[in-house]
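Data file: input.tsv. Format and content: TSV, C-alpha atoms.
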```tsv
chain	number	residue	atom	x	y	z
A	538	MET	CA	32.03	8.97	44.51
A	539	ALA	CA	29.88	5.90	43.96
A	540	THR	CA	29.89	3.19	46.57
A	541	PRO	CA	30.22	-0.45	45.57
A	542	GLY	CA	26.96	-1.68	44.02
A	543	GLU	CA	25.89	1.78	42.88
A	544	ARG	CA	26.15	2.85	39.29
A	545	THR	CA	27.79	6.00	38.16
A	546	ILE	CA	26.01	8.63	36.07
A	547	ALA	CA	28.21	7.65	33.13
A	548	ASP	CA	27.04	4.03	33.44
A	549	VAL	CA	23.40	5.11	33.55
A	550	LEU	CA	23.84	7.38	30.53
A	551	ASN	CA	25.60	4.58	28.62
A	552	ASP	CA	22.70	2.24	29.42
A	553	ILE	CA	20.20	4.86	28.20
A	554	VAL	CA	22.10	5.31	24.94
A	555	ASP	CA	22.30	1.53	24.46
A	556	HIS	CA	18.56	1.14	25.08
A	557	VAL	CA	17.69	3.96	22.69
A	558	GLN	CA	19.89	2.36	20.02
A	559	GLN	CA	18.17	-0.98	20.55
A	560	ILE	CA	14.74	0.67	20.26
A	561	VAL	CA	15.71	2.45	17.04
A	562	ARG	CA	17.08	-0.78	15.55
A	563	ALA	CA	13.90	-2.65	16.51
A	564	GLU	CA	11.75	0.08	14.94
A	565	MET	CA	13.79	-0.12	11.74
A	566	ARG	CA	13.34	-3.91	11.58
A	567	LEU	CA	9.59	-3.48	12.09
A	568	ALA	CA	9.40	-0.79	9.40
A	569	LYS	CA	11.28	-3.01	6.94
A	570	ALA	CA	8.92	-5.91	7.62
A	571	GLU	CA	5.83	-3.72	7.17
A	572	LEU	CA	7.22	-2.20	3.97
A	573	ARG	CA	7.91	-5.68	2.61
A	574	ASP	CA	4.29	-6.68	3.30
A	575	ASP	CA	2.99	-3.48	1.72
A	576	LEU	CA	5.18	-4.02	-1.34
A	577	ILE	CA	3.43	-7.34	-1.94
A	578	LYS	CA	0.04	-5.58	-1.76
A	579	VAL	CA	1.18	-2.83	-4.10
A	580	LYS	CA	2.55	-5.39	-6.55
A	581	SER	CA	-0.80	-7.21	-6.78
A	582	ALA	CA	-2.66	-3.91	-7.07
A	583	ALA	CA	-0.35	-2.82	-9.89
A	584	LEU	CA	-1.10	-6.07	-11.71
A	585	LEU	CA	-4.85	-5.44	-11.33
A	586	PHE	CA	-4.42	-1.86	-12.57
A	587	GLY	CA	-2.56	-3.25	-15.57
A	588	VAL	CA	-5.39	-5.66	-16.34
A	589	ALA	CA	-7.85	-2.78	-15.91
A	590	ALA	CA	-5.87	-0.62	-18.32
A	591	VAL	CA	-5.79	-3.32	-20.98
A	592	ALA	CA	-9.50	-4.08	-20.53
A	593	GLY	CA	-10.30	-0.37	-20.62
A	594	ILE	CA	-8.36	0.13	-23.83
A	595	LEU	CA	-10.12	-2.86	-25.39
A	596	GLY	CA	-13.46	-1.49	-24.20
A	597	ILE	CA	-12.81	1.88	-25.81
A	598	ALA	CA	-11.64	0.17	-29.00
A	599	PHE	CA	-14.84	-1.86	-29.22
A	600	VAL	CA	-17.01	1.17	-28.49
A	601	PHE	CA	-15.25	2.97	-31.34
A	602	LEU	CA	-15.68	-0.09	-33.53
A	603	ALA	CA	-19.38	-0.06	-32.69
A	604	GLY	CA	-19.56	3.57	-33.76
A	605	VAL	CA	-17.86	2.70	-37.03
A	606	TYR	CA	-20.29	-0.16	-37.65
A	607	ALA	CA	-23.23	2.07	-36.74
A	608	LEU	CA	-22.17	4.72	-39.20
A	609	ALA	CA	-21.14	2.31	-41.96
A	610	THR	CA	-24.31	0.35	-42.08
A	611	VAL	CA	-27.45	-0.19	-40.17
A	612	VAL	CA	-27.04	-3.89	-39.49
A	613	PRO	CA	-26.74	-5.78	-36.20
A	614	PRO	CA	-22.92	-6.28	-36.14
A	615	TRP	CA	-22.45	-2.87	-34.49
A	616	ALA	CA	-24.75	-3.94	-31.66
A	617	ALA	CA	-22.58	-6.98	-31.01
A	618	ALA	CA	-19.44	-4.84	-30.97
A	619	LEU	CA	-21.12	-2.42	-28.56
A	620	ILE	CA	-22.03	-5.24	-26.17
A	621	VAL	CA	-18.44	-6.53	-26.21
A	622	GLY	CA	-17.11	-3.01	-25.62
A	623	VAL	CA	-19.41	-2.44	-22.66
A	624	GLY	CA	-18.41	-5.83	-21.27
A	625	ALA	CA	-14.70	-4.97	-21.50
A	626	ALA	CA	-15.35	-1.63	-19.81
A	627	ALA	CA	-17.21	-3.44	-17.02
A	628	VAL	CA	-14.20	-5.73	-16.49
A	629	ALA	CA	-11.97	-2.64	-16.27
A	630	GLY	CA	-14.25	-1.13	-13.63
A	631	ILE	CA	-14.25	-4.32	-11.59
A	632	CYS	CA	-10.44	-4.55	-11.72
A	633	VAL	CA	-10.00	-0.91	-10.68
A	634	ALA	CA	-12.37	-1.44	-7.74
A	635	ALA	CA	-10.51	-4.61	-6.69
A	636	ALA	CA	-7.13	-2.82	-6.94
A	637	GLY	CA	-8.43	0.06	-4.83
A	638	ARG	CA	-9.66	-2.37	-2.15
A	639	SER	CA	-6.32	-4.18	-2.04
A	640	LEU	CA	-4.50	-0.88	-1.39
A	641	ARG	CA	-6.55	-0.07	1.71
A	642	GLY	CA	-4.54	-0.34	4.88
A	643	VAL	CA	-1.18	0.21	3.20
A	644	GLY	CA	1.11	2.02	5.59
A	645	LEU	CA	3.12	1.41	8.73
A	646	PRO	CA	0.47	0.99	11.44
A	647	GLN	CA	2.53	-1.09	13.87
A	648	THR	CA	5.61	1.09	13.50
A	649	THR	CA	3.56	4.24	14.07
A	650	GLN	CA	1.94	2.72	17.15
A	651	THR	CA	5.18	1.48	18.70
A	652	ILE	CA	6.98	4.77	18.02
A	653	GLY	CA	4.14	6.56	19.80
A	654	GLU	CA	4.46	4.13	22.72
A	655	ASP	CA	8.23	4.68	22.79
A	656	ILE	CA	7.76	8.45	22.91
A	657	GLN	CA	5.27	8.10	25.77
A	658	TRP	CA	7.67	5.80	27.61
A	659	VAL	CA	10.55	8.29	27.21
A	660	LYS	CA	8.32	11.17	28.40
A	661	ARG	CA	7.31	9.22	31.52
A	662	HIS	CA	10.88	8.28	32.37
A	663	ILE	CA	12.41	11.70	31.74
A	664	LYS	CA	10.24	13.40	34.36
```

Final structure tokens representation of the file:
Amino acid sequence: MATPGERTIADVLNDIVDHVQQIVRAEMRLAKAELRDDLIKVKSAALLFGVAAVAGILGIAFVFLAGVYALATVVPPWAAALIVGVGAAAVAGICVAAAGRSLRGVGLPQTTQTIGEDIQWVKRHIK
């Protein structure tokens, strides 16, 4: 029987359960915050991919138009269309590269780190 001032095993176990619940809730809040931040990055990357797709389609269209001009006649208008097509393709490449850079680091780094720390803490205190 516990003497006054000492805690019973049930009290200790209840405290452990309460602390684990608090840790899980805190991890969930952290994960939600990180996912919200990552969603903003993904949204901007998706916009850049959209711009890249439109520019790429225009680039292909102008390259095809250049081929049509080249076959139809041997006059300089096809060269102009080719330059515009290559320029549109270059814009598409730049946008794809920018979108790829903005997606770097997407994940849950803080959540992963704190979960690892929590696991280490539990392992130390269980022994």

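The gap separating CA of Arg566 in chain A from CA of Asp548 in chain A is 27.0 Å, in Å to one decimal.
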
| Pick from A:Cys632, A:Leu645, A:Asp655, A:Arg661: nearest to Val557 in chain A, with only C-alpha atoms counted? | A:Asp655

| query | Could you state the separation of CA of Arg641 in chain A and CA of Val628 in chain A in Å, given to one decimal place? | reply | 20.5 Å

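Proximity of A:Gln558, A:Met565, A:Gly596, A:Gly622 to Thr651 in chain A, computed with all atoms listed in the file, is greatest for A:Met565.
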
| Leaving out Ala570 in chain A and any residue of its chain fewer than 5 positions from it, which residues lie within 12 Å of it when counting all atoms listed in the file, given as a list of chain:residue names? | A:Ala563, A:Glu564, A:Met565, A:Asp575, A:Leu576, A:Ile577, A:Gly644, A:Leu645, A:Pro646, A:Gln647, A:Thr648

Excluding same-chain residues fewer than 2 positions from Ala589 in chain A, what lies within 6 Å of it counting all atoms listed in the file, as a short mmCIF file (atom, residue, chain, number, x, y, z; two decimals) with C-alpha atoms, keeping the file's coordinate frame?
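Generated output (selection29.cif):
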```
data_model
loop_
_atom_site.label_atom_id
_atom_site.label_comp_id
_atom_site.auth_asym_id
_atom_site.auth_seq_id
_atom_site.Cartn_x
_atom_site.Cartn_y
_atom_site.Cartn_z
CA PHE A 586 -4.42 -1.86 -12.57
CA GLY A 587 -2.56 -3.25 -15.57
CA VAL A 591 -5.79 -3.32 -20.98
CA ALA A 592 -9.50 -4.08 -20.53
CA GLY A 593 -10.30 -0.37 -20.62
CA ALA A 629 -11.97 -2.64 -16.27
CA CYS A 632 -10.44 -4.55 -11.72
CA VAL A 633 -10.00 -0.91 -10.68
#
```
